[in-house]
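J.: The file below is input_22.cif, mmCIF, C-alpha atoms:
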data_protein
#
loop_
_atom_site.label_atom_id
_atom_site.label_comp_id
_atom_site.auth_asym_id
_atom_site.auth_seq_id
_atom_site.Cartn_x
_atom_site.Cartn_y
_atom_site.Cartn_z
CA MET A 1 58.15 142.87 59.13
CA ARG A 2 57.22 143.28 55.52
CA ASP A 3 58.06 146.01 53.07
CA GLY A 4 55.71 146.25 50.09
CA ARG A 5 58.41 147.47 47.72
CA SER A 6 61.21 145.00 48.47
CA GLY A 7 62.19 141.93 50.39
CA VAL A 8 63.58 142.03 53.91
CA ARG A 9 66.84 140.55 55.15
CA TRP A 10 67.21 139.76 58.84
CA THR A 11 70.45 139.98 60.78
CA ASN A 12 71.32 139.91 64.50
CA ASN A 13 74.25 140.89 66.66
CA PHE A 14 74.51 137.71 68.73
CA THR A 15 78.09 136.87 69.68
CA GLY A 16 77.64 134.50 72.61
CA LEU A 17 76.04 133.89 76.00
CA SER A 18 77.22 135.56 79.18
CA ASP A 19 79.04 133.30 81.63
CA GLY A 20 76.46 132.45 84.32
CA CYS A 21 76.50 129.89 87.09
CA GLY A 22 77.13 126.39 85.83
CA ALA A 23 76.07 126.20 82.19
CA THR A 24 73.62 129.11 82.47
CA GLY A 25 73.94 132.46 80.79
CA ALA A 26 72.06 135.08 78.77
CA ALA A 27 72.32 137.17 75.64
CA THR A 28 70.41 140.34 74.73
CA VAL A 29 70.16 140.29 70.96
CA THR A 30 69.17 143.00 68.49
CA PHE A 31 67.41 141.66 65.40
CA THR A 32 67.58 144.02 62.42
CA ALA A 33 65.35 143.92 59.36
CA THR A 34 66.88 145.57 56.30
CA ASP A 35 65.14 146.09 52.96
CA SER A 36 66.77 146.02 49.56
CA CYS A 37 67.39 149.75 49.66
CA GLY A 38 69.29 149.56 52.92
CA ASN A 39 66.56 150.86 55.16
CA ALA A 40 66.64 149.12 58.52
CA THR A 41 64.68 148.78 61.70
CA SER A 42 65.39 146.71 64.79
CA THR A 43 63.82 144.85 67.69
CA THR A 44 65.60 143.54 70.80
CA ALA A 45 64.99 140.56 73.07
CA THR A 46 66.88 138.43 75.58
CA PHE A 47 67.57 134.71 75.56
CA THR A 48 68.23 133.33 79.08
CA ILE A 49 69.28 129.92 80.40
CA ILE A 50 68.40 129.44 84.08
CA ASP A 51 68.93 126.65 86.60
CA THR A 52 66.31 126.24 89.31
CA ILE A 53 66.58 122.45 89.66
CA ALA A 54 68.37 121.00 92.65
CA PRO A 55 70.91 118.18 92.24
CA THR A 56 69.64 114.62 92.23
CA ILE A 57 70.68 112.36 95.10
CA ASP A 58 71.76 109.22 93.25
CA THR A 59 72.76 107.31 96.39
CA ASP A 60 71.30 108.15 99.79
CA ALA A 61 73.64 108.44 102.76
CA SER A 62 73.79 105.22 104.79
CA ASP A 63 73.81 104.65 108.55
CA LEU A 64 77.00 103.15 109.97
CA THR A 65 77.50 101.43 113.34
CA VAL A 66 81.02 100.66 114.57
CA ALA A 67 82.50 98.98 117.63
CA CYS A 68 84.06 101.39 120.13
CA ASP A 69 87.83 101.73 119.87
CA GLY A 70 88.15 104.09 122.83
CA GLN A 71 89.50 106.92 120.68
CA GLY A 72 86.32 108.22 119.07
CA ASN A 73 86.72 105.95 116.00
CA THR A 74 88.10 108.99 114.21
CA ALA A 75 89.32 107.21 111.07
CA ALA A 76 85.99 105.45 110.50
CA LEU A 77 84.08 108.66 111.18
CA ALA A 78 86.22 110.70 108.79
CA ALA A 79 85.85 108.08 106.04
CA TRP A 80 82.07 107.96 106.53
CA LEU A 81 81.72 111.73 106.41
CA SER A 82 83.78 111.83 103.22
CA SER A 83 82.08 108.93 101.44
CA ASN A 84 78.56 110.21 101.96
CA GLY A 85 79.37 113.29 99.92
CA SER A 86 79.59 111.38 96.66
CA GLY A 87 76.18 110.25 95.46
CA ALA A 88 74.61 113.19 93.61
CA SER A 89 74.54 114.64 90.10
CA ASP A 90 73.34 117.81 88.38
CA VAL A 91 72.63 118.41 84.69
CA CYS A 92 73.82 122.03 84.74
CA SER A 93 76.99 121.97 86.85
CA GLY A 94 79.18 120.10 89.24
CA VAL A 95 78.09 119.42 92.83
CA ARG A 96 79.70 120.57 96.08
CA TRP A 97 79.06 118.54 99.24
CA THR A 98 78.78 119.92 102.76
CA ASN A 99 77.50 118.44 106.02
CA ASN A 100 76.34 119.73 109.39
CA PHE A 101 78.42 117.42 111.60
CA THR A 102 79.55 119.12 114.80
CA GLY A 103 80.35 116.20 117.09
CA LEU A 104 79.20 112.93 118.62
CA SER A 105 76.71 112.68 121.45
CA ASP A 106 78.18 111.70 124.81
CA GLY A 107 77.34 108.03 125.29
CA CYS A 108 78.62 105.49 127.81
CA GLY A 109 82.38 105.26 127.81
CA ALA A 110 83.71 106.52 124.48
CA THR A 111 80.51 105.70 122.59
CA GLY A 112 78.18 108.18 120.95
CA ALA A 113 76.23 109.00 117.80
CA ALA A 114 75.65 111.76 115.30
CA THR A 115 72.80 112.20 112.84
CA VAL A 116 74.28 114.11 109.92
CA THR A 117 72.64 115.90 107.01
CA PHE A 118 74.72 115.84 103.83
CA THR A 119 73.85 118.61 101.36
CA ALA A 120 74.67 118.66 97.65
CA THR A 121 74.72 122.18 96.17
CA ASP A 122 75.12 123.05 92.49
CA SER A 123 76.91 126.08 91.10
CA CYS A 124 73.67 128.06 91.04
CA GLY A 125 72.94 127.51 94.73
CA ASN A 126 70.23 124.88 94.33
CA ALA A 127 70.56 122.25 97.05
CA THR A 128 69.21 118.88 98.13
CA SER A 129 70.03 116.76 101.17
CA THR A 130 70.23 113.24 102.56
CA THR A 131 70.52 112.23 106.22
CA ALA A 132 72.16 109.29 108.01
CA THR A 133 73.49 108.35 111.46
CA PHE A 134 76.98 107.32 112.60
CA THR A 135 76.90 105.29 115.84
CA ILE A 136 79.65 103.98 118.11
CA ILE A 137 78.50 101.11 120.33
CA ASP A 138 80.17 98.98 123.00
CA THR A 139 78.95 95.41 123.33
CA ILE A 140 82.31 93.91 124.32
CA ALA A 141 82.91 92.93 127.95
CA PRO A 142 86.13 93.90 129.73
CA THR A 143 89.10 91.57 129.40
CA ILE A 144 90.31 89.79 132.51
CA ASP A 145 94.06 90.37 132.27
CA THR A 146 94.88 88.54 135.53
CA ASP A 147 92.52 86.03 137.12
CA ALA A 148 91.68 86.23 140.80
CA SER A 149 93.86 83.95 142.95
CA ASP A 150 92.96 81.72 145.89
CA LEU A 151 94.37 82.75 149.24
CA THR A 152 94.81 80.54 152.28
CA VAL A 153 95.70 82.07 155.65
CA ALA A 154 96.38 80.71 159.12
CA CYS A 155 93.56 81.26 161.59
CA ASP A 156 94.06 84.22 163.91
CA GLY A 157 90.92 83.54 165.91
CA GLN A 158 89.32 86.82 164.83
CA GLY A 159 88.13 85.90 161.36
CA ASN A 160 91.33 87.19 159.72
CA THR A 161 89.41 90.33 158.88
CA ALA A 162 92.38 92.42 157.74
CA ALA A 163 93.64 89.76 155.33
CA LEU A 164 90.12 89.13 154.04
CA ALA A 165 89.45 92.85 153.52
CA ALA A 166 92.73 93.31 151.66
CA TRP A 167 92.03 90.28 149.44
CA LEU A 168 88.55 91.53 148.60
CA ALA A 169 89.80 95.07 147.97
CA SER A 170 92.44 93.77 145.54
CA ASN A 171 89.76 91.73 143.75
CA GLY A 172 91.68 88.63 144.67
CA GLY A 173 94.64 90.02 142.76
CA ALA A 174 92.62 90.21 139.53
CA SER A 175 93.00 92.93 136.93
CA ALA A 176 90.91 93.85 133.91
CA SER A 177 90.87 96.35 131.06
CA ASP A 178 88.38 97.67 128.54
CA VAL A 179 89.05 99.50 125.26
CA CYS A 180 86.02 101.78 125.56
CA SER A 181 85.96 102.85 129.21
CA GLY A 182 87.22 102.30 132.70
CA VAL A 183 86.25 99.25 134.73
CA ARG A 184 84.29 99.04 138.00
CA TRP A 185 84.81 96.00 140.26
CA THR A 186 82.17 94.35 142.42
CA ASN A 187 82.03 90.99 144.20
CA ASN A 188 79.39 88.71 145.70
CA PHE A 189 81.05 88.06 149.06
CA THR A 190 78.51 87.67 151.87
CA GLY A 191 80.48 85.84 154.54
CA LEU A 192 82.73 82.91 155.41
CA SER A 193 81.49 79.37 155.81
CA ASP A 194 81.37 78.14 159.40
CA GLY A 195 84.44 75.92 159.80
CA CYS A 196 86.02 74.46 162.89
CA GLY A 197 86.86 77.09 165.47
CA ALA A 198 87.27 80.43 163.71
CA THR A 199 88.14 78.86 160.37
CA GLY A 200 86.03 79.05 157.23
CA ALA A 201 86.11 79.80 153.53
CA ALA A 202 84.36 81.85 150.88
CA THR A 203 84.34 81.34 147.14
CA VAL A 204 83.95 84.82 145.67
CA THR A 205 83.09 85.96 142.14
CA PHE A 206 84.74 89.26 141.23
CA THR A 207 83.00 91.07 138.37
CA ALA A 208 84.49 93.81 136.17
CA THR A 209 81.85 96.02 134.55
CA ASP A 210 82.53 98.72 131.96
CA SER A 211 80.65 102.00 131.61
CA CYS A 212 78.21 100.48 129.12
CA GLY A 213 77.20 97.66 131.46
CA ASN A 214 79.17 94.86 129.81
CA ALA A 215 80.63 92.54 132.45
CA THR A 216 83.01 89.63 132.88
CA SER A 217 84.00 87.70 135.99
CA THR A 218 86.72 85.69 137.69
CA THR A 219 86.35 83.48 140.78
CA ALA A 220 88.68 82.52 143.65
CA THR A 221 88.48 81.22 147.20
CA PHE A 222 89.62 82.73 150.50
CA THR A 223 90.28 80.05 153.13
CA ILE A 224 91.14 80.24 156.83
CA ILE A 225 92.76 77.10 158.18
CA ASP A 226 94.03 76.07 161.61
CA LYS A 227 97.48 74.49 161.42
CA SER A 228 98.16 74.61 165.15
CA HIS A 229 98.33 71.34 167.11
CA ARG A 230 98.73 70.29 170.68
CA ARG A 231 101.78 68.48 172.06
#
Could the structure of this file be written out as structure tokens, please?
T.:
Amino acid sequence: MRDGRSGVRWTNNFTGLSDGCGATGAATVTFTATDSCGNATSTTATFTIIDTIAPTIDTDASDLTVACDGQGNTAALAAWLSSNGSGASDVCSGVRWTNNFTGLSDGCGATGAATVTFTATDSCGNATSTTATFTIIDTIAPTIDTDASDLTVACDGQGNTAALAAWLASNGGASASDVCSGVRWTNNFTGLSDGCGATGAATVTFTATDSCGNATSTTATFTIIDKSHRR
């Protein structure tokens, strides 16, 4: 603005920006032009700082695969969920991390997986995301805690079926355990060898298999002998 009879002095009433989200804010300012005789006129406008830019993901979330511990690997899962909320920055404010984890899929035994989206949100509500998968696997076979034991019985002339059935049912006395699941026993018994009279033998492999198909075995022999003799 110009005044033909005097110069003009400009002033404004700016005191500071309003407190917006992050480092944003605004100020409506009145600019006043005053001539040398004290006559004044004003004009008003607003200065605004906005934030429409989402945070930058500096480090993407990473997949993690762990060996099954039978308890849901809760410590490893918690650490992974926490650590993947740490790789983002924003020029206007701090960043708050959230994720959409609800639970692991139901795999074999105590295995499972979860694909998780981690979201970084700034103070103004702008958000960006990164996705990764946590997986629990089981590749470890059951442990044979007690090996199967050989058993020798005296011939009863009928194939000693009760003793044989009990020996097979007990897996030859073997036991096994697995950290990730229960164990299912099978064996490869097909029949006794043809010995003298009603004697015979069978070498049997007992196999312990976990819910994920990992297996380990132990072997023993059932033998029928004839100790009787004639006088």
J.: Pick the closest to Arg96 in chain A from A:Ala26, A:Val66, A:Ile50, A:Ala120: which is it, counting only C-alpha atoms?
T.: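 Of A:Ala26, A:Val66, A:Ile50, A:Ala120, the one nearest Arg96 in chain A is A:Ala120, counting only C-alpha atoms.
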J.: Using all atoms listed in the file, pick whichever of A:Thr52, A:Ser123, A:Ser89, A:Asn214 has the shortest atom-to-atom distance to Asp178 in chain A.
T.: A:Asn214
J.: List, as a list in words, every residue that the PyMOL selection byres ((chain A and resi 17) around 7) selects in the file provided.
T.: Gly16, Ser18, Asp19, Gly25, Ala26 and Ala27 of chain A
J.: Can you write just those residues out, C-alpha atoms, as a PDB file, in the frame of the given file?
T.:
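Contents of selection30.pdb, as written:
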ATOM      1  CA  GLY A  16      77.640 134.500  72.610  1.00  0.00           C
ATOM      2  CA  SER A  18      77.220 135.560  79.180  1.00  0.00           C
ATOM      3  CA  ASP A  19      79.040 133.300  81.630  1.00  0.00           C
ATOM      4  CA  GLY A  25      73.940 132.460  80.790  1.00  0.00           C
ATOM      5  CA  ALA A  26      72.060 135.080  78.770  1.00  0.00           C
ATOM      6  CA  ALA A  27      72.320 137.170  75.640  1.00  0.00           C
TER       7      ALA A  27
END
J.: Please compute the CA of Gln158 in chain A-CA of Gly191 in chain A distance, one decimal, in Å.
T.: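 Going from CA of Gln158 in chain A over to CA of Gly191 in chain A covers 13.6 Å.
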J.: Hey, which of A:Asn73, A:Ile53, A:Val153, A:Ser193 ends up closest to Asn126 in chain A? Count only C-alpha atoms.
T.: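 Closest residue, counting only C-alpha atoms: A:Ile53.
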J.: List every protein, DNA or RNA residue that has an atom no more than 9 Å from (79.1, 110.0, 104.2) in the file's coordinate frame, counting all atoms listed in the file, and report them as a list in words.
T.: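 Applying the cut-off with all atoms listed in the file, one gets Ala61, Ser62, Asp63, Leu77, Ala78, Ala79, Trp80, Leu81, Ser82, Ser83, Asn84, Gly85, Ser86, Asn99, Val116, Phe118 and Ala132 of chain A.
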J.: Tell me which of A:Ala202, A:Leu104, A:Ala174, A:Cys212 sits closest to Ser149 in chain A, counting all atoms listed in the file.
T.: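 Closest to Ser149 in chain A, using all atoms listed in the file: A:Ala174.
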J.: Name every residue that the PyMOL selection byres ((chain A and resi 163-165) around 12) selects in this structure, writing the answer as a PDB file with C-alpha atoms, in the coordinates of the input with chains first and numbers rising.
T.:
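Saved to selection_3.pdb:
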ATOM      1  CA  ASP A 150      92.960  81.720 145.890  1.00  0.00           C
ATOM      2  CA  LEU A 151      94.370  82.750 149.240  1.00  0.00           C
ATOM      3  CA  THR A 152      94.810  80.540 152.280  1.00  0.00           C
ATOM      4  CA  VAL A 153      95.700  82.070 155.650  1.00  0.00           C
ATOM      5  CA  ALA A 154      96.380  80.710 159.120  1.00  0.00           C
ATOM      6  CA  CYS A 155      93.560  81.260 161.590  1.00  0.00           C
ATOM      7  CA  ASP A 156      94.060  84.220 163.910  1.00  0.00           C
ATOM      8  CA  GLN A 158      89.320  86.820 164.830  1.00  0.00           C
ATOM      9  CA  GLY A 159      88.130  85.900 161.360  1.00  0.00           C
ATOM     10  CA  ASN A 160      91.330  87.190 159.720  1.00  0.00           C
ATOM     11  CA  THR A 161      89.410  90.330 158.880  1.00  0.00           C
ATOM     12  CA  ALA A 162      92.380  92.420 157.740  1.00  0.00           C
ATOM     13  CA  ALA A 166      92.730  93.310 151.660  1.00  0.00           C
ATOM     14  CA  TRP A 167      92.030  90.280 149.440  1.00  0.00           C
ATOM     15  CA  LEU A 168      88.550  91.530 148.600  1.00  0.00           C
ATOM     16  CA  ALA A 169      89.800  95.070 147.970  1.00  0.00           C
ATOM     17  CA  SER A 170      92.440  93.770 145.540  1.00  0.00           C
ATOM     18  CA  ASN A 171      89.760  91.730 143.750  1.00  0.00           C
ATOM     19  CA  GLY A 172      91.680  88.630 144.670  1.00  0.00           C
ATOM     20  CA  PHE A 189      81.050  88.060 149.060  1.00  0.00           C
ATOM     21  CA  THR A 190      78.510  87.670 151.870  1.00  0.00           C
ATOM     22  CA  GLY A 191      80.480  85.840 154.540  1.00  0.00           C
ATOM     23  CA  LEU A 192      82.730  82.910 155.410  1.00  0.00           C
ATOM     24  CA  GLY A 200      86.030  79.050 157.230  1.00  0.00           C
ATOM     25  CA  ALA A 201      86.110  79.800 153.530  1.00  0.00           C
ATOM     26  CA  ALA A 202      84.360  81.850 150.880  1.00  0.00           C
ATOM     27  CA  THR A 203      84.340  81.340 147.140  1.00  0.00           C
ATOM     28  CA  VAL A 204      83.950  84.820 145.670  1.00  0.00           C
ATOM     29  CA  THR A 221      88.480  81.220 147.200  1.00  0.00           C
ATOM     30  CA  PHE A 222      89.620  82.730 150.500  1.00  0.00           C
ATOM     31  CA  THR A 223      90.280  80.050 153.130  1.00  0.00           C
ATOM     32  CA  ILE A 224      91.140  80.240 156.830  1.00  0.00           C
TER      33      ILE A 224
END
J.: Any idea what's packed within 6 Å of Thr30 in chain A, counting all atoms listed in the file, ignoring anything in its chain fewer than 6 positions away? Could you give it as a ChimeraX atom specification?
T.: /A:12-13,43-44
J.: Please write the residues from the selection above to a file, keeping C-alpha atoms, as a PDB file, keeping the file's coordinate frame.
T.:
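That gives us again.pdb:
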ATOM      1  CA  ASN A  12      71.320 139.910  64.500  1.00  0.00           C
ATOM      2  CA  ASN A  13      74.250 140.890  66.660  1.00  0.00           C
ATOM      3  CA  THR A  43      63.820 144.850  67.690  1.00  0.00           C
ATOM      4  CA  THR A  44      65.600 143.540  70.800  1.00  0.00           C
TER       5      THR A  44
END
J.: For a test of reading the model, state the distance in Å between CA of Asp122 in chain A and CA of Thr59 in chain A, rounded to one decimal.
T.: 16.4 Å
J.: Could you spell out the hits of the PyMOL selection byres ((chain A and resi 65) around 8) on the shown file, as an mmCIF file with C-alpha atoms, in the coordinates of the input?
T.:
data_model
loop_
_atom_site.group_PDB
_atom_site.id
_atom_site.type_symbol
_atom_site.label_atom_id
_atom_site.label_comp_id
_atom_site.auth_asym_id
_atom_site.auth_seq_id
_atom_site.Cartn_x
_atom_site.Cartn_y
_atom_site.Cartn_z
ATOM 1 C CA ASP A 63 73.810 104.650 108.550
ATOM 2 C CA LEU A 64 77.000 103.150 109.970
ATOM 3 C CA VAL A 66 81.020 100.660 114.570
ATOM 4 C CA ALA A 67 82.500 98.980 117.630
ATOM 5 C CA PHE A 134 76.980 107.320 112.600
ATOM 6 C CA THR A 135 76.900 105.290 115.840
ATOM 7 C CA ILE A 136 79.650 103.980 118.110
ATOM 8 C CA ILE A 137 78.500 101.110 120.330
#
J.: Using only C-alpha atoms, pick whichever of A:Ala114, A:Ile140, A:Ala40, A:Ala54 has the shortest atom-to-atom distance to Ala215 in chain A.
T.: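 The answer is A:Ile140, which sits nearest to Ala215 in chain A.
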J.: List as a ChimeraX atom specification the protein and nucleic acid residues near range 180-187 of chain A, meaning an atom at most 7 Å away when all atoms listed in the file are counted, but skip any in the same chain fewer than 2 places from it.
T.: /A:68-70,109-110,138,177-178,189,204-211
J.: What is the CA of Gly213 in chain A to CA of Thr115 in chain A distance in Å?
T.: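 Computing the Euclidean distance for CA of Gly213 in chain A and CA of Thr115 in chain A yields 24.0 Å.
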J.: Extract, using all atoms listed in the file, all DNA, RNA and protein residues at most 6 Å from Thr32 in chain A, discarding same-chain residues fewer than 6 positions from it, and format them as a list in words.
T.: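 These residues fall inside the cut-off: Trp10, Thr11, Asn12, Thr41 and Ser42 of chain A.
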J.: For Val95 in chain A, which residue out of A:Gly195, A:Gly72, A:Gly20, A:Pro55 is the nearest one, using all atoms listed in the file?
T.: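 Distance minimum relative to Val95 in chain A lands on A:Pro55.
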J.: When you write range 16-115 of chain A out from the block above, keep C-alpha atoms and present the result as a compact mmCIF listing (two decimals), in the first residue's frame, please.
T.:
# COMPACT_ATOMS: atom_id res chain seq x y z
CA GLY A 16 3.31 -17.54 17.69
CA LEU A 17 1.95 -20.64 15.99
CA SER A 18 -0.88 -22.71 17.39
CA ASP A 19 0.12 -26.10 18.78
CA GLY A 20 -0.82 -28.62 16.07
CA CYS A 21 0.02 -32.28 15.66
CA GLY A 22 3.75 -32.92 15.72
CA ALA A 23 5.55 -29.74 14.68
CA THR A 24 2.57 -28.36 12.74
CA GLY A 25 0.55 -25.31 13.63
CA ALA A 26 -0.98 -22.12 12.23
CA ALA A 27 -1.21 -18.41 12.85
CA THR A 28 -3.76 -15.92 11.51
CA VAL A 29 -1.90 -12.63 11.29
CA THR A 30 -3.17 -9.09 10.79
CA PHE A 31 -0.75 -6.88 8.86
CA THR A 32 -1.29 -3.16 9.45
CA ALA A 33 -0.01 -0.34 7.27
CA THR A 34 0.28 2.99 9.08
CA ASP A 35 1.22 6.30 7.48
CA SER A 36 3.17 9.08 9.12
CA CYS A 37 0.00 10.74 10.34
CA GLY A 38 -1.17 7.64 12.15
CA ASN A 39 -3.76 6.55 9.65
CA ALA A 40 -3.90 2.78 9.40
CA THR A 41 -5.44 0.01 7.38
CA SER A 42 -5.07 -3.74 7.71
CA THR A 43 -5.11 -7.02 5.83
CA THR A 44 -5.26 -10.52 7.33
CA ALA A 45 -3.89 -13.88 6.21
CA THR A 46 -3.02 -17.27 7.70
CA PHE A 47 0.29 -19.10 7.77
CA THR A 48 -0.16 -22.89 8.15
CA ILE A 49 2.28 -25.78 8.61
CA ILE A 50 0.77 -29.14 7.63
CA ASP A 51 2.01 -32.73 7.67
CA THR A 52 0.67 -35.05 4.98
CA ILE A 53 3.80 -37.20 4.62
CA ALA A 54 3.83 -40.68 6.12
CA PRO A 55 6.82 -41.90 8.17
CA THR A 56 9.71 -43.49 6.32
CA ILE A 57 10.39 -47.18 6.95
CA ASP A 58 14.15 -47.17 7.52
CA THR A 59 14.40 -50.92 8.15
CA ASP A 60 11.80 -53.35 6.82
CA ALA A 61 10.42 -56.01 9.14
CA SER A 62 12.23 -59.34 8.73
CA ASP A 63 10.88 -62.89 8.63
CA LEU A 64 11.92 -65.14 11.51
CA THR A 65 11.81 -68.95 11.68
CA VAL A 66 12.37 -70.71 15.01
CA ALA A 67 12.52 -74.32 16.17
CA CYS A 68 9.44 -75.48 18.07
CA ASP A 69 9.79 -75.43 21.85
CA GLY A 70 6.36 -76.91 22.52
CA GLN A 71 5.16 -73.78 24.35
CA GLY A 72 4.39 -71.47 21.43
CA ASN A 73 7.90 -69.93 21.49
CA THR A 74 6.35 -67.02 23.37
CA ALA A 75 9.59 -65.26 24.31
CA ALA A 76 10.92 -65.30 20.74
CA LEU A 77 7.56 -64.18 19.38
CA ALA A 78 7.27 -61.31 21.86
CA ALA A 79 10.82 -60.14 21.09
CA TRP A 80 10.16 -60.29 17.34
CA LEU A 81 6.92 -58.33 17.61
CA SER A 82 8.69 -55.69 19.69
CA SER A 83 11.82 -55.38 17.56
CA ASN A 84 9.98 -54.90 14.29
CA GLY A 85 8.43 -51.71 15.63
CA SER A 86 11.70 -49.81 15.56
CA GLY A 87 12.80 -49.00 12.02
CA ALA A 88 10.95 -45.83 10.97
CA SER A 89 11.41 -42.06 11.18
CA ASP A 90 9.35 -38.93 10.54
CA VAL A 91 10.55 -35.36 9.97
CA CYS A 92 7.58 -33.77 11.75
CA SER A 93 7.03 -35.92 14.84
CA GLY A 94 7.77 -39.10 16.67
CA VAL A 95 6.46 -42.46 15.44
CA ARG A 96 4.09 -44.89 17.18
CA TRP A 97 4.21 -48.56 16.19
CA THR A 98 1.26 -50.94 16.10
CA ASN A 99 0.76 -54.38 14.56
CA ASN A 100 -2.16 -56.59 13.60
CA PHE A 101 -0.97 -59.82 15.24
CA THR A 102 -3.84 -61.89 16.60
CA GLY A 103 -2.34 -65.36 16.89
CA LEU A 104 -0.43 -68.18 15.19
CA SER A 105 -1.94 -70.53 12.67
CA ASP A 106 -2.54 -74.07 13.92
CA GLY A 107 0.26 -76.18 12.49
CA CYS A 108 1.39 -79.71 13.31
CA GLY A 109 2.11 -80.16 16.98
CA ALA A 110 2.84 -76.77 18.52
CA THR A 111 4.03 -75.23 15.25
CA GLY A 112 2.37 -72.40 13.38
CA ALA A 113 2.95 -69.08 11.63
CA ALA A 114 1.71 -65.52 11.54
CA THR A 115 2.14 -62.91 8.82
